[in-house]
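To be precise, the following lines are final-v6.cif, and they hold mmCIF, C-alpha atoms and all ligand atoms.
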data_entry
loop_
_atom_site.label_atom_id
_atom_site.label_comp_id
_atom_site.auth_asym_id
_atom_site.auth_seq_id
_atom_site.Cartn_x
_atom_site.Cartn_y
_atom_site.Cartn_z
CA MET A 898 31.08 -12.82 -4.26
CA GLU A 899 30.52 -14.05 -7.79
CA GLN A 900 27.23 -15.29 -9.14
CA ARG A 901 27.73 -18.82 -10.48
CA ILE A 902 26.82 -19.28 -14.11
CA ALA A 903 24.43 -22.11 -15.00
CA TRP A 904 26.07 -24.71 -17.21
CA ASN A 905 23.69 -24.10 -20.09
CA ASP A 906 24.40 -20.37 -19.95
CA LEU A 907 28.05 -20.97 -20.78
CA PRO A 908 28.75 -20.08 -24.40
CA ARG A 909 28.29 -23.13 -26.65
CA ARG A 910 31.90 -22.88 -27.89
CA VAL A 911 33.19 -23.05 -24.32
CA ARG A 912 31.11 -26.12 -23.50
CA ASP A 913 32.31 -27.72 -26.73
CA ALA A 914 35.94 -26.93 -25.87
CA ILE A 915 35.47 -28.60 -22.48
CA GLU A 916 33.82 -31.68 -23.98
CA ASP A 917 36.60 -31.91 -26.59
CA ARG A 918 38.88 -32.60 -23.63
CA THR A 919 36.62 -34.59 -21.30
CA GLY A 920 34.37 -36.47 -23.68
CA PRO A 921 30.59 -36.10 -23.49
CA ILE A 922 29.36 -34.64 -20.20
CA THR A 923 26.48 -36.60 -18.73
CA GLY A 924 25.82 -34.55 -15.58
CA VAL A 925 26.79 -31.27 -13.94
CA ARG A 926 26.50 -30.17 -10.32
CA ILE A 927 27.23 -26.58 -9.36
CA PRO A 928 28.79 -26.44 -5.86
CA GLY A 929 26.99 -24.16 -3.48
CA LEU A 930 30.06 -22.98 -1.57
CA GLY A 931 33.05 -20.99 -2.78
CA GLN A 932 32.97 -17.40 -3.82
CA ASN A 933 35.25 -16.38 -6.59
CA SER A 934 34.73 -18.35 -9.75
CA PRO A 935 31.81 -17.54 -12.04
CA LEU A 936 32.07 -21.08 -13.43
CA ALA A 937 32.38 -23.96 -10.98
CA GLY A 938 31.01 -27.36 -11.83
CA ILE A 939 31.46 -30.98 -10.87
CA ILE A 940 31.03 -32.83 -14.13
CA ASP A 941 30.35 -36.47 -14.91
CA THR A 942 31.77 -38.07 -18.01
CA SER A 943 32.28 -41.66 -19.13
CA ALA A 944 35.88 -41.32 -17.85
CA GLY A 945 34.67 -40.33 -14.39
CA ARG A 946 34.14 -37.17 -12.43
CA ALA A 947 36.10 -33.90 -12.67
CA PHE A 948 35.88 -30.33 -11.42
CA VAL A 949 35.95 -27.37 -13.81
CA LYS A 950 36.22 -23.74 -12.85
CA GLY A 951 36.61 -20.66 -14.96
CA MET A 952 35.82 -17.07 -15.75
CA PRO A 953 35.69 -14.78 -18.76
CA SER A 954 39.19 -14.02 -20.07
CA ASP A 955 38.66 -10.32 -19.50
CA HIS A 956 37.42 -10.77 -15.92
CA ARG A 957 39.26 -8.54 -13.44
CA LYS A 958 40.27 -11.61 -11.41
CA VAL A 959 41.58 -13.70 -14.29
CA ILE A 960 45.16 -13.17 -13.09
CA ALA A 961 44.21 -15.14 -9.96
CA GLN A 962 43.18 -18.05 -12.14
CA GLU A 963 46.48 -17.83 -14.04
CA ARG A 964 48.30 -17.95 -10.73
CA GLU A 965 46.24 -20.97 -9.73
CA ALA A 966 47.31 -22.79 -12.91
CA ALA A 967 50.95 -21.79 -12.37
CA VAL A 968 51.11 -23.12 -8.82
CA ALA A 969 49.38 -26.43 -9.64
CA PRO A 970 52.53 -28.47 -10.42
CA PHE A 971 54.07 -27.50 -7.08
CA VAL A 972 51.06 -28.40 -4.95
CA ALA A 973 49.92 -31.57 -6.70
CA GLY A 974 50.68 -33.63 -3.58
CA ILE A 975 48.34 -31.67 -1.33
CA SER A 976 45.74 -30.43 -3.79
CA SER A 977 43.71 -31.97 -6.57
CA VAL A 978 45.71 -32.36 -9.76
CA LEU A 979 45.20 -29.87 -12.58
CA LEU A 980 44.47 -31.94 -15.70
CA TRP A 981 44.30 -29.21 -18.33
CA SER A 982 43.52 -25.56 -18.82
CA PHE A 983 42.55 -23.39 -21.77
CA ASP A 984 41.85 -19.82 -22.72
CA LEU A 985 39.45 -20.02 -25.63
CA ALA A 986 36.26 -18.45 -26.88
CA GLY A 987 36.60 -15.68 -24.32
CA TRP A 988 36.85 -18.00 -21.30
CA SER A 989 39.70 -19.15 -19.11
CA VAL A 990 38.93 -22.64 -17.78
CA LEU A 991 40.78 -25.07 -15.47
CA ASP A 992 39.93 -28.75 -15.07
CA TYR A 993 40.91 -30.68 -11.95
CA GLU A 994 40.75 -34.25 -10.79
CA TYR A 995 37.64 -34.67 -8.69
CA ALA A 996 38.38 -34.80 -4.97
CA ALA A 997 35.71 -36.76 -3.17
CA GLY A 998 35.26 -35.26 0.25
CA ARG A 999 33.48 -32.82 2.44
CA HIS A 1000 34.46 -29.37 3.60
CA ALA A 1001 36.63 -29.22 6.70
CA ASP A 1002 35.12 -28.78 10.13
CA TYR A 1003 37.03 -26.09 12.05
CA THR A 1004 35.16 -26.34 15.33
CA PRO A 1005 37.19 -27.02 18.51
CA GLY A 1006 37.83 -30.72 18.96
CA SER A 1007 37.19 -31.57 15.32
CA PRO A 1008 39.44 -34.40 14.10
CA ASP A 1009 39.93 -32.36 10.93
CA LEU A 1010 42.20 -29.96 12.80
CA ASP A 1011 45.00 -32.53 12.97
CA ARG A 1012 44.60 -33.14 9.24
CA LEU A 1013 44.90 -29.42 8.70
CA VAL A 1014 48.10 -29.30 10.73
CA GLN A 1015 49.49 -32.11 8.57
CA LEU A 1016 48.43 -30.19 5.47
CA MET A 1017 50.13 -27.05 6.71
CA THR A 1018 53.29 -29.03 7.48
CA ALA A 1019 53.29 -30.62 4.01
CA LEU A 1020 52.80 -27.20 2.43
CA THR A 1021 55.76 -25.82 4.35
CA ALA A 1022 57.95 -28.55 2.86
CA ILE A 1023 57.17 -27.49 -0.72
CA SER A 1024 59.92 -25.46 -2.29
CA VAL A 1025 59.38 -23.21 -5.24
CA PRO A 1026 62.01 -21.67 -7.53
CA ARG A 1027 63.59 -18.44 -6.38
CA ASN A 1028 61.87 -16.67 -9.24
CA PRO A 1029 58.53 -18.44 -9.38
CA GLY A 1030 56.94 -16.23 -12.01
CA PRO A 1031 53.47 -15.03 -11.26
CA PHE A 1032 53.18 -15.76 -7.55
CA LYS A 1033 52.60 -12.62 -5.61
CA PRO A 1034 55.12 -11.57 -2.96
CA ALA A 1035 53.41 -11.07 0.40
CA GLU A 1036 54.83 -7.55 0.64
CA ASP A 1037 52.91 -6.69 -2.55
CA ARG A 1038 49.74 -8.42 -1.49
CA TRP A 1039 49.65 -6.51 1.80
CA LYS A 1040 51.20 -3.15 0.99
CA GLY A 1041 47.83 -1.46 0.58
CA TYR A 1042 46.77 -2.42 4.09
CA VAL A 1043 49.57 -0.80 6.11
CA ASP A 1044 50.30 2.87 6.67
CA ASP A 1045 53.43 2.88 4.53
CA PRO A 1046 53.87 0.21 1.79
CA ALA A 1047 57.48 -0.32 2.94
CA MET A 1048 56.15 -1.63 6.26
CA ALA A 1049 54.75 -4.69 4.46
CA ARG A 1050 58.32 -5.90 3.87
CA VAL A 1051 58.15 -7.62 7.24
CA PHE A 1052 55.70 -10.11 5.66
CA ALA A 1053 58.22 -11.04 2.94
CA GLY A 1054 59.69 -14.53 2.67
CA ALA A 1055 60.31 -17.48 0.40
CA THR A 1056 57.60 -19.77 1.79
CA LEU A 1057 54.76 -20.72 -0.52
CA THR A 1058 51.52 -19.79 1.22
CA HIS A 1059 47.91 -20.41 0.23
CA SER A 1060 46.43 -17.31 1.87
CA ASP A 1061 42.78 -18.41 1.79
CA TRP A 1062 42.17 -21.09 4.43
CA THR A 1063 38.39 -20.90 4.43
CA PRO A 1064 36.96 -24.38 5.17
CA ASP A 1065 35.35 -24.23 1.71
CA ASN A 1066 38.87 -24.60 0.34
CA VAL A 1067 39.70 -27.73 2.32
CA LEU A 1068 38.18 -31.04 1.28
CA VAL A 1069 38.47 -33.91 3.74
CA SER A 1070 38.33 -37.50 2.63
CA GLY A 1071 39.18 -40.36 4.99
CA HIS A 1072 42.24 -39.32 6.94
CA ARG A 1073 43.44 -36.85 4.34
CA ALA A 1074 42.70 -33.24 3.61
CA TRP A 1075 43.19 -31.50 0.28
CA LEU A 1076 43.89 -27.80 -0.01
CA ILE A 1077 42.11 -26.57 -3.11
CA ASP A 1078 41.47 -23.19 -4.75
CA TRP A 1079 44.99 -21.84 -5.09
CA ALA A 1080 43.89 -18.48 -6.48
CA TRP A 1081 46.10 -16.51 -4.07
CA PRO A 1082 49.49 -18.28 -4.07
CA THR A 1083 51.80 -15.96 -2.20
CA LEU A 1084 55.46 -16.05 -1.26
CA GLY A 1085 55.80 -14.84 2.28
CA ALA A 1086 57.07 -15.33 5.78
CA PRO A 1087 56.34 -18.83 7.12
CA TRP A 1088 54.09 -17.59 9.92
CA THR A 1089 51.63 -15.77 7.63
CA ASP A 1090 49.61 -18.83 6.58
CA PRO A 1091 49.21 -20.15 10.17
CA ALA A 1092 48.14 -16.63 11.15
CA GLY A 1093 45.59 -16.58 8.32
CA TRP A 1094 44.33 -19.98 9.41
CA LEU A 1095 43.93 -18.72 12.96
CA LEU A 1096 41.56 -16.05 11.68
CA ARG A 1097 39.57 -18.69 9.82
CA LEU A 1098 39.46 -20.90 12.93
CA MET A 1099 38.03 -17.97 14.83
CA ALA A 1100 35.53 -17.04 12.12
CA SER A 1101 34.40 -20.52 11.11
CA GLY A 1102 35.10 -22.57 14.22
CA GLY A 1103 34.47 -20.19 17.08
CA HIS A 1104 38.03 -20.47 18.40
CA THR A 1105 39.64 -17.80 20.48
CA PRO A 1106 43.07 -16.47 19.49
CA ARG A 1107 44.72 -17.60 22.67
CA ARG A 1108 47.50 -19.93 21.56
CA PRO A 1109 49.95 -18.75 18.92
CA SER A 1110 51.58 -21.31 16.65
CA SER A 1111 55.22 -22.26 17.02
CA ARG A 1112 55.89 -20.40 13.78
CA GLN A 1113 54.14 -17.34 15.15
CA ARG A 1114 56.14 -17.61 18.36
CA ALA A 1115 59.33 -17.62 16.28
CA ALA A 1116 58.28 -14.45 14.48
CA ASN A 1117 58.80 -10.92 15.70
CA PRO A 1118 55.60 -10.11 17.66
CA ALA A 1119 55.52 -6.62 16.19
CA HIS A 1120 55.31 -8.14 12.70
CA ILE A 1121 52.34 -10.27 13.72
CA ASP A 1122 50.71 -7.20 15.29
CA LEU A 1123 51.09 -5.42 11.96
CA PHE A 1124 49.63 -8.43 10.14
CA ALA A 1125 46.66 -8.39 12.51
CA ALA A 1126 46.18 -4.69 11.80
CA ALA A 1127 46.47 -5.26 8.04
CA ASN A 1128 43.82 -7.97 8.25
CA VAL A 1129 41.45 -5.55 9.95
CA ARG A 1130 41.82 -3.23 6.99
CA LEU A 1131 41.56 -6.01 4.43
CA TRP A 1132 38.37 -7.44 5.90
CA ASP A 1133 36.80 -4.04 6.50
CA GLU A 1134 37.47 -3.29 2.84
CA ILE A 1135 36.04 -6.63 1.66
CA ALA A 1136 32.94 -6.11 3.80
CA SER A 1137 32.40 -2.57 2.59
CA SER A 1138 32.59 -3.63 -1.05
CA SER A 1139 30.34 -6.66 -0.57
CA ASN A 1140 26.59 -6.55 -0.69
CA SER A 1141 26.23 -9.81 1.23
CA ASP A 1142 26.87 -10.87 4.82
CA TRP A 1143 29.54 -13.48 4.21
CA PRO A 1144 32.56 -11.33 5.26
CA ALA A 1145 30.98 -10.40 8.62
CA ALA A 1146 32.51 -13.32 10.53
CA MET A 1147 35.97 -12.54 9.16
CA VAL A 1148 35.57 -8.86 10.00
CA GLN A 1149 34.71 -9.86 13.55
CA ALA A 1150 37.60 -12.31 13.76
CA ALA A 1151 40.09 -9.77 12.41
CA HIS A 1152 38.96 -7.14 14.91
CA ASP A 1153 38.97 -9.68 17.75
CA TRP A 1154 42.45 -10.91 16.89
CA HIS A 1155 43.80 -7.38 16.63
CA ALA A 1156 42.21 -6.41 19.95
CA TYR A 1157 43.57 -9.57 21.54
CA ARG A 1158 47.10 -8.86 20.37
CA HIS A 1159 46.78 -5.33 21.66
CA ALA A 1160 45.73 -6.70 25.02
CA VAL A 1161 48.54 -9.26 25.12
CA ARG A 1162 51.20 -6.75 24.14
CA TRP A 1163 49.98 -4.26 26.64
CA ALA A 1164 49.98 -6.93 29.32
CA ALA A 1165 53.51 -7.99 28.41
CA GLN A 1166 54.83 -4.44 28.37
CA GLU A 1167 52.91 -2.81 31.16
CA CYS A 1168 51.47 -5.25 33.62
CA GLN A 1169 54.74 -6.22 35.23
CA SER A 1170 55.68 -2.65 36.08
CA ALA A 1171 52.27 -1.07 36.73
CA PRO A 1172 49.70 -3.75 37.42
CA ALA A 1173 47.01 -1.30 38.46
CA ARG A 1174 47.12 0.90 35.38
CA PRO A 1175 44.14 0.58 33.03
CA ARG A 1176 44.98 -0.43 29.50
CA PRO A 1177 45.04 2.39 26.92
CA PRO A 1178 42.28 2.27 24.32
CA LEU A 1179 42.74 0.09 21.26
CA ALA A 1180 42.35 3.06 18.94
CA SER A 1181 45.54 4.60 20.33
CA TRP A 1182 47.60 1.60 19.34
CA PRO A 1183 49.95 2.76 16.62
CA THR A 1184 49.60 -0.06 14.11
CA VAL A 1185 46.00 0.76 13.23
CA ARG A 1186 45.05 4.33 12.69
CA ARG A 1187 41.86 3.70 10.81
CA SER A 1188 39.12 3.08 13.30
CA GLY A 1189 36.73 0.21 12.98
CA PRO A 1190 34.08 -1.22 15.23
CA SER A 1191 35.62 -2.74 18.31
CA ALA A 1192 34.61 -6.33 17.99
CA SER A 1193 35.26 -6.94 21.63
CA PRO A 1194 34.60 -3.91 23.80
CA SER A 1195 35.89 -5.67 26.89
CA ALA A 1196 39.27 -5.99 25.19
CA ASP A 1197 39.59 -2.20 25.33
CA GLN A 1198 38.75 -1.98 28.98
CA GLY A 1199 40.49 -4.84 30.75
CA ALA A 1200 43.07 -4.52 33.46
CA CYS A 1201 46.03 -6.67 34.44
CA GLN A 1202 45.34 -10.07 35.94
CA GLY A 1203 48.49 -11.79 36.97
CA GLY A 1204 50.41 -10.32 34.05
CA ARG A 1205 47.85 -11.54 31.48
CA PRO A 1206 45.09 -9.69 29.70
CA ALA A 1207 41.82 -10.02 31.51
CA ARG A 1208 38.47 -11.09 30.13
CA TRP A 1209 39.33 -13.11 27.11
CA GLY A 1210 37.26 -16.01 25.95
CA THR A 1211 37.57 -19.35 27.56
CA ARG A 1212 36.64 -21.49 24.60
CA ARG A 1213 39.32 -23.93 23.68
CA SER A 1214 41.70 -22.78 21.01
CA ARG A 1215 43.89 -24.79 18.78
CA GLN A 1216 47.67 -25.01 19.00
CA LEU A 1217 48.56 -24.22 15.39
N1 LIG B 1 38.80 -30.85 -7.23
C1 LIG B 1 37.59 -30.72 -6.68
N2 LIG B 1 36.83 -31.81 -6.48
C2 LIG B 1 35.60 -31.71 -5.93
N3 LIG B 1 35.03 -30.55 -5.56
C3 LIG B 1 35.75 -29.42 -5.72
C4 LIG B 1 37.07 -29.46 -6.28
N4 LIG B 1 37.54 -28.20 -6.31
C5 LIG B 1 36.57 -27.42 -5.80
N5 LIG B 1 35.49 -28.15 -5.44
C6 LIG B 1 34.23 -27.64 -4.84
O1 LIG B 1 33.86 -26.44 -5.50
C7 LIG B 1 33.84 -25.35 -4.58
C8 LIG B 1 34.33 -24.11 -5.31
O2 LIG B 1 35.64 -24.36 -5.81
P1 LIG B 1 36.81 -23.31 -5.59
O3 LIG B 1 37.99 -23.79 -6.37
O4 LIG B 1 37.02 -23.11 -4.16
O5 LIG B 1 36.22 -22.03 -6.31
P2 LIG B 1 35.91 -20.55 -5.82
O6 LIG B 1 36.99 -19.77 -6.46
O7 LIG B 1 34.59 -20.22 -6.39
O8 LIG B 1 35.92 -20.49 -4.34
C9 LIG B 1 34.72 -25.79 -3.42
O9 LIG B 1 34.38 -25.14 -2.22
C10 LIG B 1 34.43 -27.28 -3.37
O10 LIG B 1 33.22 -27.53 -2.70
MG MG B 2 37.08 -21.43 -2.92
#
How does this structure look as structure tokens?
Amino acid sequence: MEQRIAWNDLPRRVRDAIEDRTGPITGVRIPGLGQNSPLAGIIDTSAGRAFVKGMPSDHRKVIAQEREAAVAPFVAGISSVLLWSFDLAGWSVLDYEYAAGRHADYTPGSPDLDRLVQLMTALTAISVPRNPGPFKPAEDRWKGYVDDPAMARVFAGATLTHSDWTPDNVLVSGHRAWLIDWAWPTLGAPWTDPAGWLLRLMASGGHTPRRPSSRQRAANPAHIDLFAAANVRLWDEIASSSNSDWPAAMVQAAHDWHAYRHAVRWAAQECQSAPARPRPPLASWPTVRRSGPSASPSADQGACQGGRPARWGTRRSRQL
């Protein structure tokens, strides 16, 4: 998580370069949420409000900001419009149209969930060139989180995905939702973004992973299992390199989802033939060798119940 820089701590030349483009700035508000950009500010000018974000040009994540600028023309219909960008005086800065709105509410029953489904549908309809430059292929993004990098090829695809569906990155205004913060544009299989959203629904909304999306149902279940396992590794890694608590909910969700898929797969494969056999432990499941805390101990110990995994949460989950 990045520490936000105070406006007046930005180098004078950078502030001047911004004001050259916006006109005099009369007010700045630093948003409290969001994690990755050292500079984030909602600015007031005589022309209206705008949002600027940026980081030093030699920052290790500056490539993510370059990707965000590159994807902007493709996602202008579902995100706020990128007005200009510069790399000057040692800073890379993007300036967006201000999107009035609040962060999305992911709790079960929230009316925002339908808006999110619409957003996801609109995103799926966006086509990008076959060689879209800097966007990362999913197989590259995930290859470090599977046993053999070649295994990540099952995540490959031509669908533009956002990959970071935290509610902080969705602004809701009226009946519309805007998907902002395109730092991780990824080309991948169409089910990967709904799967990533499911994890966020679990972490931020308290959903259970009970109902797979139609896109997930169309995918090979073994590929989704591998994605669940890769997410366990990703979020364990993020948590271990973070000195704050913010990844804890995602760690929990990733472990829960993985354990749930293990339970479902075991039920599908085993329950019909041997309903009395206890389920093998999660750690013996081949797609995750690295052990992590079992987020849901009961998921390791359940037995068949009418061909379905026993003892999973009853809270309502969303059909994605
Ligand atoms: N176009 C915008 N209009 C209004 N507020 C925005 C806009 N873009 C981002 N924000 C606010 O700033 C926060 C941080 O922006 P974001 O692009 O997500 O940066 P970070 O990389 O730090 O997560 C968002 O969670 C949102 O509250
Ligand atoms: Mg963000």
Sort by chain and increasing residue number a table of all residues of chain A within 12 Å of ligand MG 2 (chain B), each with its closest pair of atoms and their distance in Å to one decimal, counting only C-alpha atoms and all ligand atoms, and write it as a tab-separated table.
residue	atom	partner	partner_atom	distance
A:Met898	CA	B:MG2	MG	10.6
A:Glu899	CA	B:MG2	MG	11.0
A:Pro928	CA	B:MG2	MG	10.1
A:Gly929	CA	B:MG2	MG	10.5
A:Leu930	CA	B:MG2	MG	7.3
A:Gly931	CA	B:MG2	MG	4.1
A:Gln932	CA	B:MG2	MG	5.8
A:Asn933	CA	B:MG2	MG	6.5
A:Ser934	CA	B:MG2	MG	7.9
A:Pro935	CA	B:MG2	MG	11.2
A:Leu936	CA	B:MG2	MG	11.6
A:Ala937	CA	B:MG2	MG	9.7
A:Lys950	CA	B:MG2	MG	10.2
A:Ala961	CA	B:MG2	MG	11.8
A:Gln962	CA	B:MG2	MG	11.6
A:Glu965	CA	B:MG2	MG	11.4
A:His1000	CA	B:MG2	MG	10.6
A:His1059	CA	B:MG2	MG	11.3
A:Ser1060	CA	B:MG2	MG	11.3
A:Asp1061	CA	B:MG2	MG	8.0
A:Trp1062	CA	B:MG2	MG	8.9
A:Thr1063	CA	B:MG2	MG	7.5
A:Pro1064	CA	B:MG2	MG	8.6
A:Asp1065	CA	B:MG2	MG	5.7
A:Asn1066	CA	B:MG2	MG	4.9
A:Val1067	CA	B:MG2	MG	8.6
A:Leu1068	CA	B:MG2	MG	10.5
A:Leu1076	CA	B:MG2	MG	9.8
A:Ile1077	CA	B:MG2	MG	7.2
A:Asp1078	CA	B:MG2	MG	5.1
A:Trp1079	CA	B:MG2	MG	8.2
A:Ala1080	CA	B:MG2	MG	8.2
A:Trp1081	CA	B:MG2	MG	10.3
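Across the model, the gap from atom CA of Leu1013 of chain A to atom CA of Leu1096 of chain A is 14.1 Å.
Relative to atom CA of Phe1124 of chain A, atom CA of Val1069 of chain A is found at 28.5 Å.
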Within 10 Å of Val949 of chain A using all atoms listed in the file, minus same-chain residues under 2 positions, as a PyMOL selection string: chain A and resi 915+925+927+934+936-940+947+951+979-982+990-995
Residue with smallest distance to ligand LIG 1 (chain B) - pool A:Met952, A:Leu1010, A:Ala1022, A:Leu985, counting only C-alpha atoms and all ligand atoms: A:Met952
Draw an axis-aligned box tight on the listed atoms of ligand LIG 1 (chain B), then pad every side by 4 Å and write out centre and edge lengths in Å to one decimal as lines of an AutoDock Vina configuration file.
center_x = 36.0
center_y = -25.8
center_z = -4.7
size_x = 13.6
size_y = 20.0
size_z = 13.0
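Taking atom CA of Gly1085 of chain A and atom CA of Lys1033 of chain A as the two end points, the separation is 8.8 Å.
Counting all atoms listed in the file and comparing A:Glu916, A:Ala1146, A:Leu1084, A:Pro1029, the residue that lies closest to Ser1101 of chain A is A:Ala1146.
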Given all atoms listed in the file as the counted atoms, nearest of A:Arg1038, A:Arg964, A:Arg901, A:His1072 to ligand LIG 1 (chain B): A:Arg901
